Structures are given as C-alpha cells and as structure tokens.
Amino acid sequence: MKARVHVMLKNGVLDPQGEAVRHALGAMGFDQVHGVRQGKVIDLELADGATEADVTKMCEKLLANTVIERYEIELI
Amino acid sequence: MRAAVIVFPGSNCDRDLAVAFEQAGFSVDMVWHKDHSLPSGVDIVGVPGGFSYGDYLRCGAIAAQSPICKAVVEHTERGGYAIGICNGFQVLTETGILPGALLRNAGLKYICKTVGLKVETSDSAFTQGYNAGDVIGIPIAHHDGNYFADDATLSALRDEDRIAFTYTDNPNGSRDDIAGILSHNRRVLGMMPHPERAADEGHGGTDGTALFRALSGVLTPA
C-alpha cells in the first residue's frame, strides 16, 4: 500500500517562495498567473495492514505542522 | 547552577551557548540528542542554534521528535526553565512548548547581521537584566525566522505580556515584529536572535551578557 501526502501552507499564511515563483512567471510573460502556492508531496510506502488513520497520525505528529499547514492524504 | 545544552546532528551554536552559560557562572552538561533523560539537577536547558537534521522536512521538526526532546518537554511541564535560540526556537515551537511557527523569511534570503531588539518586558528570569524599552544589538543568522501565529495567539501573547523582544526594523516579516516570546509560565524563552553571540568583547558586542547573568542565581531545578 502506498499513500501520498500533500502538505500546503494554510490560506492566509504568507508563502514567500510561492510569491517568488509568481513573480518569475510574470517576468517570463505568463501574465495569466494571479497566485502561486508551493507545497510538498510526500510518498509513503506502507506495510500491509496500515490504515489511513495511521497516516493521519503521522501527519499530525510529524509530516505537517498544523499551526501553519494543512494536509491531504491520498491512498494510491 | 547547572545548564544542559542539547546537541543535535547539525547544531552549530551549542559550544557558543555553553561558553555563554559558563561565563555567567553555570556548570554545563552537553547532552546528546539520543539521550532519553536530562542530567539530574539541571536548572535550565539550552536548545542551541544550527541546522538540526539538515532542516529536513521543516526546521526543527525532526529534532522535536528526538528522544531528548521528550525529556525537555517533561522538564518544561514540571516548570523547568529552557531557552531556545534560533533553531532552538524552531524546535521549541515544533514540540508545542511555545506557540506559533517560524516561516521562511519574507525576503527569502538568509540574513546574518546584528539587528536592534527592543526589550518588551523585563518580567522574566531572562529579561530582568534589561529595562522594558531598552534597545540592544544582537546578531541574527537565519533563513526561517519569520514568526507566525494566528490572531488569537498573538493577542494572547500581547495580553499576557509574553512578547520578550521585538525587532526595531523587522528583517524577516515576523508578525508584530516578534523576535522572541515567553511561555505561559514565563520560564521558557524562544528567540531567533543569538544572545550567545553578543556575550564577549571579542564578539564585537556584549548586549547578550545581561540575559545569561540575570538567569544565574534565580533559577530552581525542576
């Protein structure tokens, strides 16, 4: 079993890296980009029997800092 | 007076912090991150600056899960004193001992320079050697020092007089110019600037000395 965890900064938390990417895209002529948010994708290879609840615990304890980040779990 | 300085793989201010404690009269134990307990009779724990675990995942995130950090959390829960500087501040927020988080600097650059800090409160063991309103010069050296907390947390910090230091000229985008905060019981200080790098004439400034001197003599082991 595999899980893919998407970690993104919460709305309202400044993302200076995403903002820098937006600036760069604008400078390249991609005027259609109004905003960029940058996050992380973490792939987990899990032992048989692991559950989504286990992955949620991993997210809460380590993979995301829920003060500033939200996460989504995708089982793949 | 005994201080314990935690050493993670990637810590690089641990020895500077130990010297600052020693010059203020502490005996210092260096404690390895894989240890499960602090030496008995420790009056204060220092979590030093550096790049623990290469800043992988998030600054301080993996260090916060290390065996010794469990002991540090228990120490603070017993009412023990602790100071986290730079990466140490990041570690303390990741453990939940201190509220908020440290984001990438708003200007995206790593900044290494001496900055002006305003002492916001003298009501703590750490800041009683200053007067509220004093402006001191202390170096910063960080890439992720942009303090973030939600509005409710910020107003609680303000209402409870727990903002220890603010920047006179905000270098990193921190909310409310915050450079350092105190725990609820005022016995844990987290700050991004490095007082241990302004604690000897050879550093070019000694404005950090008063912090360490003030600590010696007032602490009780937890």
# chains A, B, ... in the order shown; residues from 1 in each chain; ligands from 1

$ closest_atom_pairs --of "chain A" --to "chain B" --cutoff "12 Å" --atoms "only C-alpha atoms" --output "Markdown table"
| residue | atom | partner | partner_atom | distance |
| --- | --- | --- | --- | --- |
| A:Val7 | CA | B:Leu57 | CA | 10.6 |
| A:Leu9 | CA | B:Leu103 | CA | 10.0 |
| A:Lys10 | CA | B:Asp150 | CA | 11.0 |
| A:Asn11 | CA | B:Asp150 | CA | 11.6 |
| A:Gly12 | CA | B:Asp150 | CA | 9.5 |
| A:Val13 | CA | B:Phe148 | CA | 7.9 |
| A:Leu14 | CA | B:Ala106 | CA | 7.9 |
| A:Asp15 | CA | B:Arg104 | CA | 7.9 |
| A:Pro16 | CA | B:Ala106 | CA | 5.5 |
| A:Gln17 | CA | B:Leu108 | CA | 7.0 |
| A:Gly18 | CA | B:Leu108 | CA | 10.5 |
| A:Glu19 | CA | B:Ala106 | CA | 9.6 |
| A:Ala20 | CA | B:Leu108 | CA | 8.4 |
| A:Val21 | CA | B:Leu108 | CA | 11.4 |
| A:Gly39 | CA | B:Leu57 | CA | 11.3 |
| A:Lys40 | CA | B:Leu57 | CA | 9.1 |
| A:Val41 | CA | B:Leu57 | CA | 10.8 |
| A:Ile42 | CA | B:Leu57 | CA | 9.8 |
| A:Met58 | CA | B:Gln65 | CA | 11.7 |
| A:Cys59 | CA | B:Leu57 | CA | 11.7 |
| A:Glu60 | CA | B:Glu94 | CA | 11.4 |
| A:Lys61 | CA | B:Gln65 | CA | 8.7 |
| A:Leu62 | CA | B:Ala61 | CA | 6.8 |
| A:Leu63 | CA | B:Leu57 | CA | 7.4 |
| A:Ala64 | CA | B:Arg58 | CA | 8.6 |
| A:Asn65 | CA | B:Glu94 | CA | 7.4 |
| A:Thr66 | CA | B:Ala101 | CA | 9.6 |
| A:Val67 | CA | B:Gly100 | CA | 6.5 |
| A:Ile68 | CA | B:Ala101 | CA | 7.0 |
| A:Glu69 | CA | B:Ala101 | CA | 10.2 |

$ select_by_dssp --residues "region 12-189 of chain B" --states "strand (DSSP E or B)" --output "PyMOL selection string"
chain B and resi 27-32+44-47+50+81-85+101-103+111-119+135-142+146-148+163-167+178-182+188-189

$ write_last_selection --atoms "N, CA and C atoms" --output "compact mmCIF listing (two decimals), in the first residue's frame"
# COMPACT_ATOMS: atom_id res chain seq x y z
N SER B 27 27.64 25.62 35.54
CA SER B 27 28.36 24.47 35.02
C SER B 27 27.46 23.86 33.94
N VAL B 28 28.08 23.36 32.89
CA VAL B 28 27.31 22.99 31.70
C VAL B 28 27.53 21.52 31.34
N ASP B 29 26.44 20.81 31.11
CA ASP B 29 26.49 19.45 30.56
C ASP B 29 26.03 19.52 29.11
N MET B 30 26.82 18.94 28.21
CA MET B 30 26.36 18.80 26.83
C MET B 30 25.59 17.49 26.76
N VAL B 31 24.38 17.53 26.20
CA VAL B 31 23.51 16.36 26.22
C VAL B 31 23.18 15.96 24.78
N TRP B 32 23.48 14.73 24.45
CA TRP B 32 23.31 14.23 23.08
C TRP B 32 21.83 13.96 22.79
N ILE B 44 18.44 24.72 33.92
CA ILE B 44 17.93 25.26 32.66
C ILE B 44 18.47 24.44 31.50
N VAL B 45 17.61 24.28 30.50
CA VAL B 45 18.00 23.58 29.27
C VAL B 45 18.18 24.61 28.17
N GLY B 46 19.29 24.52 27.46
CA GLY B 46 19.52 25.38 26.31
C GLY B 46 19.39 24.56 25.03
N VAL B 47 18.51 25.00 24.15
CA VAL B 47 18.39 24.35 22.84
C VAL B 47 19.05 25.30 21.85
N GLY B 50 21.53 26.28 14.93
CA GLY B 50 22.19 25.38 13.98
C GLY B 50 21.20 24.91 12.94
N TYR B 81 13.06 25.58 33.51
CA TYR B 81 13.43 26.66 32.61
C TYR B 81 14.08 26.12 31.34
N ALA B 82 13.86 26.82 30.24
CA ALA B 82 14.53 26.46 28.98
C ALA B 82 14.65 27.70 28.12
N ILE B 83 15.70 27.71 27.31
CA ILE B 83 15.86 28.77 26.32
C ILE B 83 16.17 28.11 24.98
N GLY B 84 15.45 28.51 23.95
CA GLY B 84 15.71 28.02 22.60
C GLY B 84 16.11 29.19 21.73
N ILE B 85 17.26 29.08 21.11
CA ILE B 85 17.79 30.18 20.31
C ILE B 85 17.86 29.74 18.85
N ALA B 101 4.90 29.39 14.83
CA ALA B 101 5.84 28.67 13.97
C ALA B 101 6.74 29.70 13.29
N LEU B 102 7.87 29.22 12.79
CA LEU B 102 8.81 30.10 12.09
C LEU B 102 8.80 29.75 10.61
N LEU B 103 8.40 30.73 9.80
CA LEU B 103 8.31 30.54 8.36
C LEU B 103 9.57 31.04 7.68
N ILE B 111 19.66 35.77 6.37
CA ILE B 111 20.16 37.06 6.85
C ILE B 111 21.08 36.84 8.04
N CYS B 112 22.28 37.41 7.94
CA CYS B 112 23.25 37.30 9.02
C CYS B 112 23.77 38.69 9.31
N LYS B 113 23.27 39.32 10.37
CA LYS B 113 23.73 40.66 10.74
C LYS B 113 23.24 40.99 12.14
N THR B 114 23.83 42.01 12.72
CA THR B 114 23.36 42.46 14.03
C THR B 114 22.15 43.35 13.84
N VAL B 115 21.11 43.09 14.61
CA VAL B 115 19.87 43.87 14.50
C VAL B 115 19.54 44.51 15.84
N GLY B 116 18.69 45.52 15.79
CA GLY B 116 18.21 46.15 17.01
C GLY B 116 17.03 45.36 17.55
N LEU B 117 17.08 45.09 18.85
CA LEU B 117 15.96 44.41 19.52
C LEU B 117 15.45 45.31 20.62
N LYS B 118 14.13 45.46 20.67
CA LYS B 118 13.53 46.19 21.78
C LYS B 118 13.09 45.19 22.84
N VAL B 119 13.52 45.44 24.06
CA VAL B 119 13.10 44.59 25.17
C VAL B 119 11.66 44.98 25.51
N VAL B 135 16.85 49.17 23.93
CA VAL B 135 17.16 48.64 22.61
C VAL B 135 18.59 48.08 22.65
N ILE B 136 18.72 46.81 22.29
CA ILE B 136 20.02 46.15 22.35
C ILE B 136 20.38 45.63 20.96
N GLY B 137 21.67 45.43 20.74
CA GLY B 137 22.13 44.92 19.44
C GLY B 137 22.52 43.45 19.57
N ILE B 138 21.83 42.59 18.84
CA ILE B 138 22.07 41.14 18.91
C ILE B 138 22.08 40.60 17.48
N PRO B 139 23.01 39.69 17.17
CA PRO B 139 23.05 39.17 15.79
C PRO B 139 21.91 38.19 15.49
N ILE B 140 21.45 38.23 14.27
CA ILE B 140 20.58 37.17 13.76
C ILE B 140 21.35 36.42 12.67
N ALA B 141 20.98 35.19 12.44
CA ALA B 141 21.59 34.37 11.38
C ALA B 141 20.59 33.28 11.04
N HIS B 142 19.64 33.60 10.18
CA HIS B 142 18.60 32.61 9.88
C HIS B 142 17.97 32.83 8.52
N ASN B 146 10.73 33.98 10.37
CA ASN B 146 9.54 34.80 10.16
C ASN B 146 8.43 34.26 11.07
N TYR B 147 8.30 34.89 12.25
CA TYR B 147 7.39 34.35 13.26
C TYR B 147 5.94 34.49 12.81
N PHE B 148 5.24 33.38 12.88
CA PHE B 148 3.82 33.37 12.54
C PHE B 148 3.02 32.77 13.69
N ILE B 163 5.52 38.74 24.95
CA ILE B 163 6.46 39.07 23.88
C ILE B 163 7.71 39.62 24.56
N ALA B 164 8.82 38.90 24.43
CA ALA B 164 10.05 39.27 25.13
C ALA B 164 10.83 40.33 24.36
N PHE B 165 10.98 40.11 23.07
CA PHE B 165 11.76 41.02 22.23
C PHE B 165 11.03 41.24 20.90
N THR B 166 11.14 42.48 20.40
CA THR B 166 10.70 42.75 19.03
C THR B 166 11.86 43.37 18.26
N TYR B 167 11.80 43.24 16.93
CA TYR B 167 12.80 43.88 16.07
C TYR B 167 12.48 45.37 15.94
N ILE B 178 7.84 40.29 16.00
CA ILE B 178 8.24 39.45 17.13
C ILE B 178 9.58 38.74 16.87
N ALA B 179 10.50 38.90 17.84
CA ALA B 179 11.80 38.23 17.77
C ALA B 179 11.94 37.16 18.83
N GLY B 180 11.15 37.27 19.92
CA GLY B 180 11.25 36.28 20.99
C GLY B 180 10.02 36.30 21.85
N ILE B 181 9.61 35.11 22.31
CA ILE B 181 8.39 35.00 23.13
C ILE B 181 8.64 34.12 24.36
N LEU B 182 7.78 34.31 25.34
CA LEU B 182 7.85 33.54 26.58
C LEU B 182 6.70 32.55 26.65
N VAL B 188 10.10 29.66 29.83
CA VAL B 188 10.71 29.22 28.57
C VAL B 188 10.74 30.42 27.64
N LEU B 189 11.93 30.68 27.10
CA LEU B 189 12.10 31.77 26.14
C LEU B 189 12.55 31.17 24.82

$ closest_residue --among "B:Val218, B:Phe21, B:Thr168, B:Thr153" --to "Gly133 (chain B)" --atoms "only C-alpha atoms"
B:Thr168

$ select_by_dssp --residues "region 42-136 of chain B" --states "alpha helix (DSSP H)" --output "list in words"
Pro67, Ile68, Cys69, Lys70, Ala71, Val72, Val73, Glu74, His75, Thr76, Glu77, Asn87, Gly88, Phe89, Gln90, Val91, Leu92, Thr93, Glu94 and Thr95 of chain B

$ closest_residue --among "A:Ala24, A:Ile73, A:Met8, A:Met1" --to "Ala53 (chain A)" --atoms "only C-alpha atoms"
A:Ile73

$ atom_distance --atom1 "CA of Met191 (chain B)" --atom2 "CA of Gln90 (chain B)"
8.8 Å

$ closest_residue --among "B:Asp55, B:Asp134, B:Asp151, B:Glu77" --to "Phe8 (chain B)" --atoms "only C-alpha atoms"
B:Asp55

$ atom_distance --atom1 "CA of Arg162 (chain B)" --atom2 "CA of Glu120 (chain B)"
8.5 Å

$ atom_distance --atom1 "CA of Asp35 (chain B)" --atom2 "CA of Arg197 (chain B)"
26.7 Å

$ closest_residue --among "A:Val33, A:Lys57, A:Asp43, A:Asp48" --to "Leu75 (chain A)" --atoms "only C-alpha atoms"
A:Asp43

$ residues_around --residues "Ser66 (chain B)" --least-positions-apart "4" --cutoff "8 Å" --atoms "only C-alpha atoms" --output "list of chain:residue names"
B:His33, B:Lys34, B:Ile62, B:Lys70

$ write_last_selection --atoms "N, CA and C atoms" --output "short mmCIF file (atom, residue, chain, number, x, y, z; two decimals), in the first residue's frame"
data_model
loop_
_atom_site.label_atom_id
_atom_site.label_comp_id
_atom_site.auth_asym_id
_atom_site.auth_seq_id
_atom_site.Cartn_x
_atom_site.Cartn_y
_atom_site.Cartn_z
N HIS B 33 21.43 14.18 21.56
CA HIS B 33 20.00 14.09 21.20
C HIS B 33 19.42 12.70 21.41
N LYS B 34 20.28 11.68 21.42
CA LYS B 34 19.75 10.32 21.58
C LYS B 34 19.57 9.94 23.05
N ILE B 62 12.23 17.43 12.97
CA ILE B 62 12.73 16.09 13.30
C ILE B 62 13.41 16.12 14.67
N LYS B 70 11.69 14.71 24.24
CA LYS B 70 10.63 14.25 25.13
C LYS B 70 10.98 14.65 26.58
#
